[in-house]
Amino acid sequence: MSNEFHGLQSQAEPSVRLGPVMQLLNGEWVGSADGRTLPVECPANKKLIAEIPRAGAEDVERAVQAAERAFTAWKKVTPSQRGRAMQKIADALEAQLEDFARIIAHETGNALRTQARPEAQLCVDAFRYFGGLASELKGEMLPLGDDILSYTRREPLGIVGAIVPWNAPAVLCSIKIAPALVAGNAMVLKLAEDAPFAGLFLAEICQRFLPPGVLNVVTGLGAECGAALASHPRIHKMSFTGSTAVGKSIMAAAAERIGPVSLELGGKSPTIVCDDADEEWVVQNVGTAMRFTRQSQSCTAGSRLFLHESIYDSFLEKLVKLMNSYKIGNPLDEATDMGSLISSKQYGRVCSYIEEGLKNPDVKLLTGGLPPTSGPLAEGYFTVPTLFGGSSNAWRLAKEEIFGPVLVVIPWKDDAQVLKMANDSHYGLAGYVFSNNTARAIRMAHEIDSGWVQVNQGKGQLFGQPYGGFKQSGQGKEQSLSSLTEGFSRLKTVTVNLTI
């Protein structure tokens with residue numbers, strides 16, 4: 001690999017060293033076919049980080065061709081060898097973990113201590129986890145009789161297209177690259193134009209241990225580059241993480257070629273706090289479930305808080321105190337709990353929801369509100385944790401995914417009532433239940449119509465658990481053995497006549 005683009009200093013933050021800022025096609029770092037570029041800014045200070053290629057349909061075609069050439073040989077590499085390659089990637093990534101984490105913080109606005117370092121470590125864990133599952137790419141013998149040998153075998157799908165968003169770009173790249181490549185596929189990965197550098201850094205490390213063309217990475221706009229990838233006739237499977245609206249277009253494009261898709265889409269997840277759970281540990285976990293230290297830019301954010309009316313005032317007093325304790329500021333500062341939103345567009349969107357809440361006479365602003373217009377926080381896309389009380393589940397802010405630190409509180413008094421409200425959503429990604437009566441909490445968890453429900457904790461996903469949503473939150477599972485075998489391979493049956 002050429003070192004021309006390795007170790008570039010960011011124009012916005014000299015202490016952050018970027019990796020490549022070009023596309024990876026057939027093992028080479030190149031610009032876009034027509035030479036166009038896109039500026040990428042640092043959301044914490046609105047300064048230019050660097051420019052990336054603005055890829056289009058021609059770049060996607062070059063990437064697909066490279067993947068097709070590489071796939072012919074890569075699929076014949078034994079699963080154990082492919083697994084060892086993933087383990088080597090994990091080791092190399094771990095050796096540069098701090099540089100990786102600083103890039104994540106710098107380009108996403110996520111705080112280094114609370115978010116970027118843990119995300120960088122999750123990437124290492126992803127490659128180790130899926131590398132260790134390589135031996136599970138196996139079939140079975142079928143007992144159909146002494147005269148017949150019948151067995152199944154796992155085969156790669158072919159060329160996998162993947163599109164990742166900007167909110168957790170590094171780990172979302174990892175949980176697509178690692179299982180797809182372990183299964184023997186080649187990949188064309190499209191990065192988010194707002195946060196491409198962690199993905200490019202990761203690709204540079206991957207490329208050290210992969211044949212050219214097995215992993216190809218393109219950068220560009222969704223309407224130009226992402227759409228060209230999603231509609232490409234020679235893509236055998238699309239894996240997409242992002243908004244529900246774009247997910248629908250991905251599925252429609254795949255229907256034209258009858259191709260499989262996996263979709264991890266939006267969410268408006270319910271958090272239910274029962275009358276016996278007015279305790280500090282619950283408050284802390286509600287804050288975690290809301291993903292405040294990610295500025296709530298998370299599909300799994302528990303952004304609808306259903307709070308039992310008997311503990312309503314007492315619980316909210318403690319929650320407001322927690323929300324006001326978060327330190328907001330420079331993502332690269334070790335003291336920072338919350339960083340910035342990703343972009344001017346997202347900042348404007350979140351502020352518009354807050355403005356609507358402030359104008360609603362039926363709800364009460366309990367803390368937060370519009371972000372400051374002067375001072376250090378005004379230098380970037382910073383917002384403050386905001387809490388609206390006395391809400392109705394029918395209110396727009398309780399229905400739509402805001403993707404910012406805006407939490408609405410809805411009182412309830414009956415288990416059947418709260419479960420009905422919790423399920424009254426076209427989303428079904430995550431859910432949270434808190435109660436000291438574990439049996440009651442588990443019964444509630446079983447009734448919540450979401451793909452992932454946590455009881456008495458608000459943590460993030462763990463490798464090994466199938467993760468994915470119901471309804472318009474998506475289809476398919478990630479982060480588990482099933483995502484490797486069912487998501488990135490196909491099952492073939494071979495039957496042999498033994499009488500000849």
# chains A, B, ... in the order shown; residues from 1 in each chain; ligands from 1
call {"tool": "select_by_dssp", "arguments": {"residues": "segment 154-265 of chain A", "states": "strand (DSSP E or B)", "output": "list in words"}}
result
Arg154, Glu155, Pro156, Ile159, Val160, Gly161, Ala162, Ile163, Ala186, Met187, Val188, Leu189, Lys190, Leu191, Leu215, Asn216, Val217, Val218, Thr219, Lys237, Met238, Ser239, Phe240, Thr241, Val261, Ser262, Leu263 and Glu264 of chain A
call {"tool": "write_last_selection", "arguments": {"atoms": "C-alpha atoms", "output": "PDB file, in the first residue's frame"}}
result
ATOM      1  CA  ARG A 154     -22.315 -23.551   3.817  1.00  0.00           C
ATOM      2  CA  GLU A 155     -21.275 -21.399   0.872  1.00  0.00           C
ATOM      3  CA  PRO A 156     -20.615 -17.660   0.587  1.00  0.00           C
ATOM      4  CA  ILE A 159     -20.450  -9.867  -3.466  1.00  0.00           C
ATOM      5  CA  VAL A 160     -21.893  -8.160  -0.398  1.00  0.00           C
ATOM      6  CA  GLY A 161     -22.789  -4.494  -0.499  1.00  0.00           C
ATOM      7  CA  ALA A 162     -22.778  -2.688   2.838  1.00  0.00           C
ATOM      8  CA  ILE A 163     -23.795   0.829   3.820  1.00  0.00           C
ATOM      9  CA  ALA A 186     -16.032 -10.118  -0.987  1.00  0.00           C
ATOM     10  CA  MET A 187     -17.384  -6.709  -0.043  1.00  0.00           C
ATOM     11  CA  VAL A 188     -18.058  -3.225  -1.340  1.00  0.00           C
ATOM     12  CA  LEU A 189     -18.518  -0.916   1.649  1.00  0.00           C
ATOM     13  CA  LYS A 190     -20.001   2.559   1.365  1.00  0.00           C
ATOM     14  CA  LEU A 191     -19.063   4.888   4.236  1.00  0.00           C
ATOM     15  CA  LEU A 215     -12.609  -5.428   0.714  1.00  0.00           C
ATOM     16  CA  ASN A 216     -13.366  -2.318  -1.341  1.00  0.00           C
ATOM     17  CA  VAL A 217     -14.424   0.988   0.215  1.00  0.00           C
ATOM     18  CA  VAL A 218     -16.179   3.881  -1.519  1.00  0.00           C
ATOM     19  CA  THR A 219     -17.015   7.330  -0.196  1.00  0.00           C
ATOM     20  CA  LYS A 237     -26.681  -9.227  -0.707  1.00  0.00           C
ATOM     21  CA  MET A 238     -27.143  -5.769   0.841  1.00  0.00           C
ATOM     22  CA  SER A 239     -26.475  -5.067   4.503  1.00  0.00           C
ATOM     23  CA  PHE A 240     -27.731  -1.639   5.550  1.00  0.00           C
ATOM     24  CA  THR A 241     -27.830   0.301   8.806  1.00  0.00           C
ATOM     25  CA  VAL A 261     -31.116  -7.797   2.549  1.00  0.00           C
ATOM     26  CA  SER A 262     -30.461  -7.215   6.226  1.00  0.00           C
ATOM     27  CA  LEU A 263     -31.754  -3.943   7.628  1.00  0.00           C
ATOM     28  CA  GLU A 264     -31.055  -2.336  10.998  1.00  0.00           C
TER      29      GLU A 264
END
call {"tool": "closest_residue", "arguments": {"among": "A:Leu210, A:Gly464, A:Gly222, A:Gly139", "to": "Val164 of chain A", "atoms": "only C-alpha atoms"}}
result
A:Gly222
call {"tool": "select_by_dssp", "arguments": {"residues": "segment 193-261 of chain A", "states": "helix (DSSP H, G or I)", "output": "MDAnalysis selection string"}}
result
chainID A and resid 197:207 222:230 244:257
call {"tool": "residues_around", "arguments": {"residues": "Ile49 of chain A", "least_positions_apart": "3", "cutoff": "6 Å", "atoms": "only C-alpha atoms", "output": "number ranges by chain"}}
result
A: 10-12, 40-42
call {"tool": "residues_around", "arguments": {"residues": "Leu366 of chain A", "least_positions_apart": "6", "cutoff": "7 Å", "atoms": "only C-alpha atoms", "output": "ChimeraX atom specification"}}
result
/A:387-389
call {"tool": "atom_distance", "arguments": {"atom1": "atom CA of Ala90 of chain A", "atom2": "atom CA of Pro466 of chain A"}}
result
21.4 Å
call {"tool": "residues_around", "arguments": {"residues": "Ser150 of chain A", "least_positions_apart": "5", "cutoff": "6 Å", "atoms": "only C-alpha atoms", "output": "PDB file with all heavy atoms, in the first residue's frame"}}
result
ATOM      1  N   LEU A 142     -27.204 -35.912   6.513  1.00  0.00           N
ATOM      2  CA  LEU A 142     -28.633 -36.173   6.618  1.00  0.00           C
ATOM      3  C   LEU A 142     -28.889 -37.676   6.502  1.00  0.00           C
ATOM      4  O   LEU A 142     -28.555 -38.289   5.475  1.00  0.00           O
ATOM      5  CB  LEU A 142     -29.391 -35.424   5.517  1.00  0.00           C
ATOM      6  CG  LEU A 142     -29.112 -33.917   5.434  1.00  0.00           C
ATOM      7  CD1 LEU A 142     -29.845 -33.305   4.262  1.00  0.00           C
ATOM      8  CD2 LEU A 142     -29.513 -33.222   6.731  1.00  0.00           C
ATOM      9  N   VAL A 494     -26.466 -31.452  -0.999  1.00  0.00           N
ATOM     10  CA  VAL A 494     -25.877 -32.348  -2.006  1.00  0.00           C
ATOM     11  C   VAL A 494     -26.343 -33.761  -1.681  1.00  0.00           C
ATOM     12  O   VAL A 494     -26.181 -34.221  -0.552  1.00  0.00           O
ATOM     13  CB  VAL A 494     -24.351 -32.273  -2.005  1.00  0.00           C
ATOM     14  CG1 VAL A 494     -23.775 -33.233  -3.049  1.00  0.00           C
ATOM     15  CG2 VAL A 494     -23.877 -30.858  -2.267  1.00  0.00           C
ATOM     16  N   THR A 495     -26.897 -34.452  -2.670  1.00  0.00           N
ATOM     17  CA  THR A 495     -27.366 -35.834  -2.483  1.00  0.00           C
ATOM     18  C   THR A 495     -26.673 -36.733  -3.495  1.00  0.00           C
ATOM     19  O   THR A 495     -26.690 -36.449  -4.693  1.00  0.00           O
ATOM     20  CB  THR A 495     -28.897 -35.917  -2.664  1.00  0.00           C
ATOM     21  OG1 THR A 495     -29.527 -35.007  -1.732  1.00  0.00           O
ATOM     22  CG2 THR A 495     -29.403 -37.310  -2.387  1.00  0.00           C
TER      23      THR A 495
END
call {"tool": "residues_around", "arguments": {"residues": "Lys420 of chain A", "least_positions_apart": "2", "cutoff": "12 Å", "atoms": "only C-alpha atoms", "output": "ChimeraX atom specification"}}
result
/A:270,272,306,393,412,414-418,422-425,444,447-449
call {"tool": "write_last_selection", "arguments": {"atoms": "C-alpha atoms", "output": "PDB file, in the first residue's frame"}}
result
ATOM      1  CA  PRO A 270     -39.929   2.389  25.261  1.00  0.00           C
ATOM      2  CA  ILE A 272     -40.938   1.277  31.413  1.00  0.00           C
ATOM      3  CA  PHE A 306     -43.124   5.425  30.682  1.00  0.00           C
ATOM      4  CA  ASN A 393     -47.894   8.790  23.634  1.00  0.00           C
ATOM      5  CA  TRP A 412     -49.043   5.384  33.500  1.00  0.00           C
ATOM      6  CA  ASP A 414     -51.800  -0.012  34.809  1.00  0.00           C
ATOM      7  CA  ASP A 415     -49.554  -2.736  33.341  1.00  0.00           C
ATOM      8  CA  ALA A 416     -51.890  -3.485  30.449  1.00  0.00           C
ATOM      9  CA  GLN A 417     -52.165   0.221  29.670  1.00  0.00           C
ATOM     10  CA  VAL A 418     -48.422   0.819  29.540  1.00  0.00           C
ATOM     11  CA  ALA A 422     -45.240   0.827  24.471  1.00  0.00           C
ATOM     12  CA  ASN A 423     -46.299  -1.246  21.455  1.00  0.00           C
ATOM     13  CA  ASP A 424     -48.209   1.601  19.792  1.00  0.00           C
ATOM     14  CA  SER A 425     -45.375   2.389  17.392  1.00  0.00           C
ATOM     15  CA  MET A 444     -43.626  -7.243  30.494  1.00  0.00           C
ATOM     16  CA  GLU A 447     -45.163  -8.582  25.787  1.00  0.00           C
ATOM     17  CA  ILE A 448     -43.055  -5.753  24.316  1.00  0.00           C
ATOM     18  CA  ASP A 449     -43.049  -5.985  20.522  1.00  0.00           C
TER      19      ASP A 449
END
call {"tool": "closest_atom_pairs", "arguments": {"of": "segment 24-108 of chain A", "to": "segment 342-354 of chain A", "cutoff": "12 Å", "atoms": "only C-alpha atoms", "output": "tab-separated table"}}
result
residue	atom	partner	partner_atom	distance
A:Val40	CA	A:Ser343	CA	9.8
A:Glu41	CA	A:Ser343	CA	8.2
A:Cys42	CA	A:Ile342	CA	8.3
A:Pro43	CA	A:Ile342	CA	5.5
A:Ala44	CA	A:Ile342	CA	8.3
A:Asn45	CA	A:Ser343	CA	10.5
A:Lys46	CA	A:Ser343	CA	8.5
A:Lys47	CA	A:Ser343	CA	11.4
A:Ile104	CA	A:Ile342	CA	11.5
A:Ala105	CA	A:Ile342	CA	10.6
A:His106	CA	A:Ile342	CA	10.3
A:Glu107	CA	A:Ile342	CA	8.0
A:Thr108	CA	A:Ile342	CA	5.6
call {"tool": "residues_around", "arguments": {"residues": "Pro385 of chain A", "least_positions_apart": "2", "cutoff": "9 Å", "atoms": "only C-alpha atoms", "output": "number ranges by chain"}}
result
A: 292, 295-296, 323-324, 326, 367-369, 383, 387, 404-407
call {"tool": "write_last_selection", "arguments": {"atoms": "C-alpha atoms", "output": "short mmCIF file (atom, residue, chain, number, x, y, z; two decimals), in the first residue's frame"}}
result
data_model
loop_
_atom_site.label_atom_id
_atom_site.label_comp_id
_atom_site.auth_asym_id
_atom_site.auth_seq_id
_atom_site.Cartn_x
_atom_site.Cartn_y
_atom_site.Cartn_z
CA PHE A 292 -27.18 10.50 26.58
CA GLN A 295 -26.02 12.60 22.40
CA SER A 296 -28.83 10.00 21.99
CA MET A 323 -29.14 14.94 33.18
CA ASN A 324 -27.75 18.22 34.50
CA TYR A 326 -23.28 15.53 32.27
CA THR A 367 -34.72 20.54 32.06
CA GLY A 368 -32.69 21.49 29.00
CA GLY A 369 -34.22 23.25 26.04
CA THR A 383 -27.09 20.39 22.44
CA LEU A 387 -36.72 16.42 29.22
CA GLY A 404 -30.91 13.65 19.72
CA PRO A 405 -30.95 14.04 23.53
CA VAL A 406 -34.68 14.75 23.83
CA LEU A 407 -36.58 12.47 26.24
#
call {"tool": "closest_atom_pairs", "arguments": {"of": "segment 81-169 of chain A", "to": "segment 328-331 of chain A", "cutoff": "9 Å", "atoms": "only C-alpha atoms", "output": "Markdown table"}}
result
| residue | atom | partner | partner_atom | distance |
| --- | --- | --- | --- | --- |
| A:Arg102 | CA | A:Pro331 | CA | 8.9 |
| A:Ala105 | CA | A:Pro331 | CA | 5.8 |
| A:His106 | CA | A:Pro331 | CA | 6.9 |
| A:Thr108 | CA | A:Pro331 | CA | 8.9 |
| A:Gly109 | CA | A:Pro331 | CA | 5.7 |
| A:Asn110 | CA | A:Pro331 | CA | 5.7 |
| A:Ala111 | CA | A:Pro331 | CA | 4.0 |
| A:Leu112 | CA | A:Pro331 | CA | 5.6 |
| A:Arg113 | CA | A:Pro331 | CA | 8.3 |
| A:Ala116 | CA | A:Pro331 | CA | 8.8 |
call {"tool": "write_last_selection", "arguments": {"atoms": "N, CA, C and O atoms", "output": "mmCIF file, in the first residue's frame"}}
result
data_model
loop_
_atom_site.group_PDB
_atom_site.id
_atom_site.type_symbol
_atom_site.label_atom_id
_atom_site.label_comp_id
_atom_site.auth_asym_id
_atom_site.auth_seq_id
_atom_site.Cartn_x
_atom_site.Cartn_y
_atom_site.Cartn_z
ATOM 1 N N ARG A 102 -9.338 8.271 18.730
ATOM 2 C CA ARG A 102 -9.293 9.726 18.549
ATOM 3 C C ARG A 102 -9.904 10.133 17.206
ATOM 4 O O ARG A 102 -10.536 11.186 17.097
ATOM 5 N N ALA A 105 -13.705 9.981 17.742
ATOM 6 C CA ALA A 105 -14.186 11.138 18.503
ATOM 7 C C ALA A 105 -14.163 12.403 17.654
ATOM 8 O O ALA A 105 -15.104 13.219 17.690
ATOM 9 N N HIS A 106 -13.109 12.558 16.901
ATOM 10 C CA HIS A 106 -12.903 13.769 16.110
ATOM 11 C C HIS A 106 -13.947 13.924 15.013
ATOM 12 O O HIS A 106 -14.506 15.005 14.812
ATOM 13 N N THR A 108 -16.970 12.147 14.654
ATOM 14 C CA THR A 108 -18.370 11.968 15.028
ATOM 15 C C THR A 108 -18.850 12.969 16.061
ATOM 16 O O THR A 108 -20.056 13.182 16.206
ATOM 17 N N GLY A 109 -17.927 13.550 16.828
ATOM 18 C CA GLY A 109 -18.328 14.395 17.950
ATOM 19 C C GLY A 109 -18.590 13.607 19.209
ATOM 20 O O GLY A 109 -18.928 14.196 20.245
ATOM 21 N N ASN A 110 -18.456 12.287 19.175
ATOM 22 C CA ASN A 110 -18.673 11.461 20.361
ATOM 23 C C ASN A 110 -17.480 11.570 21.308
ATOM 24 O O ASN A 110 -16.333 11.550 20.869
ATOM 25 N N ALA A 111 -17.762 11.639 22.591
ATOM 26 C CA ALA A 111 -16.713 11.855 23.581
ATOM 27 C C ALA A 111 -15.728 10.691 23.607
ATOM 28 O O ALA A 111 -16.117 9.525 23.548
ATOM 29 N N LEU A 112 -14.459 11.018 23.697
ATOM 30 C CA LEU A 112 -13.387 10.020 23.652
ATOM 31 C C LEU A 112 -13.507 9.008 24.786
ATOM 32 O O LEU A 112 -13.454 7.790 24.562
ATOM 33 N N ARG A 113 -13.697 9.485 26.013
ATOM 34 C CA ARG A 113 -13.703 8.588 27.174
ATOM 35 C C ARG A 113 -14.963 7.733 27.239
ATOM 36 O O ARG A 113 -14.882 6.522 27.455
ATOM 37 N N ALA A 116 -15.892 6.917 22.289
ATOM 38 C CA ALA A 116 -14.982 6.563 21.199
ATOM 39 C C ALA A 116 -14.042 5.418 21.577
ATOM 40 O O ALA A 116 -13.826 4.499 20.775
#
call {"tool": "decode", "arguments": {"residues": "segment 180-191 of chain A", "atoms": "all heavy atoms", "output": "tab-separated table (two decimals), in the first residue's frame"}}
result
chain	number	residue	atom	x	y	z
A	180	ALA	N	-18.95	-11.06	7.01
A	180	ALA	CA	-19.05	-11.24	5.56
A	180	ALA	C	-17.78	-11.86	4.99
A	180	ALA	O	-17.84	-12.78	4.16
A	180	ALA	CB	-19.33	-9.90	4.88
A	181	LEU	N	-16.62	-11.39	5.45
A	181	LEU	CA	-15.36	-11.90	4.91
A	181	LEU	C	-15.02	-13.28	5.48
A	181	LEU	O	-14.49	-14.13	4.76
A	181	LEU	CB	-14.23	-10.91	5.19
A	181	LEU	CG	-13.99	-9.86	4.10
A	181	LEU	CD1	-15.25	-9.09	3.74
A	181	LEU	CD2	-12.88	-8.89	4.50
A	182	VAL	N	-15.32	-13.53	6.74
A	182	VAL	CA	-15.11	-14.87	7.29
A	182	VAL	C	-15.91	-15.89	6.51
A	182	VAL	O	-15.44	-17.02	6.26
A	182	VAL	CB	-15.49	-14.90	8.78
A	182	VAL	CG1	-15.64	-16.34	9.27
A	182	VAL	CG2	-14.43	-14.21	9.62
A	183	ALA	N	-17.12	-15.53	6.10
A	183	ALA	CA	-17.98	-16.46	5.36
A	183	ALA	C	-17.51	-16.69	3.93
A	183	ALA	O	-18.06	-17.55	3.24
A	183	ALA	CB	-19.41	-15.95	5.36
A	184	GLY	N	-16.50	-15.93	3.48
A	184	GLY	CA	-15.94	-16.14	2.15
A	184	GLY	C	-16.44	-15.18	1.10
A	184	GLY	O	-16.12	-15.34	-0.09
A	185	ASN	N	-17.19	-14.17	1.50
A	185	ASN	CA	-17.67	-13.17	0.54
A	185	ASN	C	-16.61	-12.11	0.30
A	185	ASN	O	-15.69	-11.92	1.09
A	185	ASN	CB	-18.92	-12.48	1.10
A	185	ASN	CG	-20.03	-13.46	1.41
A	185	ASN	OD1	-20.67	-13.98	0.52
A	185	ASN	ND2	-20.25	-13.71	2.70
A	186	ALA	N	-16.76	-11.36	-0.77
A	186	ALA	CA	-16.03	-10.12	-0.99
A	186	ALA	C	-17.02	-8.98	-0.75
A	186	ALA	O	-18.23	-9.17	-0.82
A	186	ALA	CB	-15.45	-10.05	-2.39
A	187	MET	N	-16.50	-7.79	-0.49
A	187	MET	CA	-17.38	-6.71	-0.04
A	187	MET	C	-17.07	-5.39	-0.75
A	187	MET	O	-15.91	-5.06	-1.01
A	187	MET	CB	-17.28	-6.52	1.47
A	187	MET	CG	-18.05	-5.32	2.01
A	187	MET	SD	-18.08	-5.22	3.82
A	187	MET	CE	-19.40	-6.37	4.18
A	188	VAL	N	-18.15	-4.63	-0.98
A	188	VAL	CA	-18.06	-3.22	-1.34
A	188	VAL	C	-18.77	-2.46	-0.23
A	188	VAL	O	-19.97	-2.62	-0.02
A	188	VAL	CB	-18.70	-2.92	-2.70
A	188	VAL	CG1	-18.61	-1.43	-3.00
A	188	VAL	CG2	-18.03	-3.73	-3.80
A	189	LEU	N	-18.01	-1.64	0.49
A	189	LEU	CA	-18.52	-0.92	1.65
A	189	LEU	C	-18.62	0.56	1.33
A	189	LEU	O	-17.65	1.18	0.90
A	189	LEU	CB	-17.58	-1.13	2.84
A	189	LEU	CG	-17.81	-0.31	4.10
A	189	LEU	CD1	-19.12	-0.69	4.77
A	189	LEU	CD2	-16.64	-0.49	5.07
A	190	LYS	N	-19.81	1.12	1.56
A	190	LYS	CA	-20.00	2.56	1.37
A	190	LYS	C	-20.05	3.23	2.73
A	190	LYS	O	-20.88	2.90	3.58
A	190	LYS	CB	-21.29	2.82	0.59
A	190	LYS	CG	-21.46	4.27	0.12
A	190	LYS	CD	-22.21	5.09	1.14
A	190	LYS	CE	-22.38	6.54	0.68
A	190	LYS	NZ	-22.91	7.41	1.75
A	191	LEU	N	-19.16	4.19	2.96
A	191	LEU	CA	-19.06	4.89	4.24
A	191	LEU	C	-19.96	6.12	4.26
A	191	LEU	O	-20.30	6.67	3.21
A	191	LEU	CB	-17.62	5.30	4.51
A	191	LEU	CG	-16.59	4.17	4.56
A	191	LEU	CD1	-15.19	4.74	4.71
A	191	LEU	CD2	-16.91	3.21	5.70
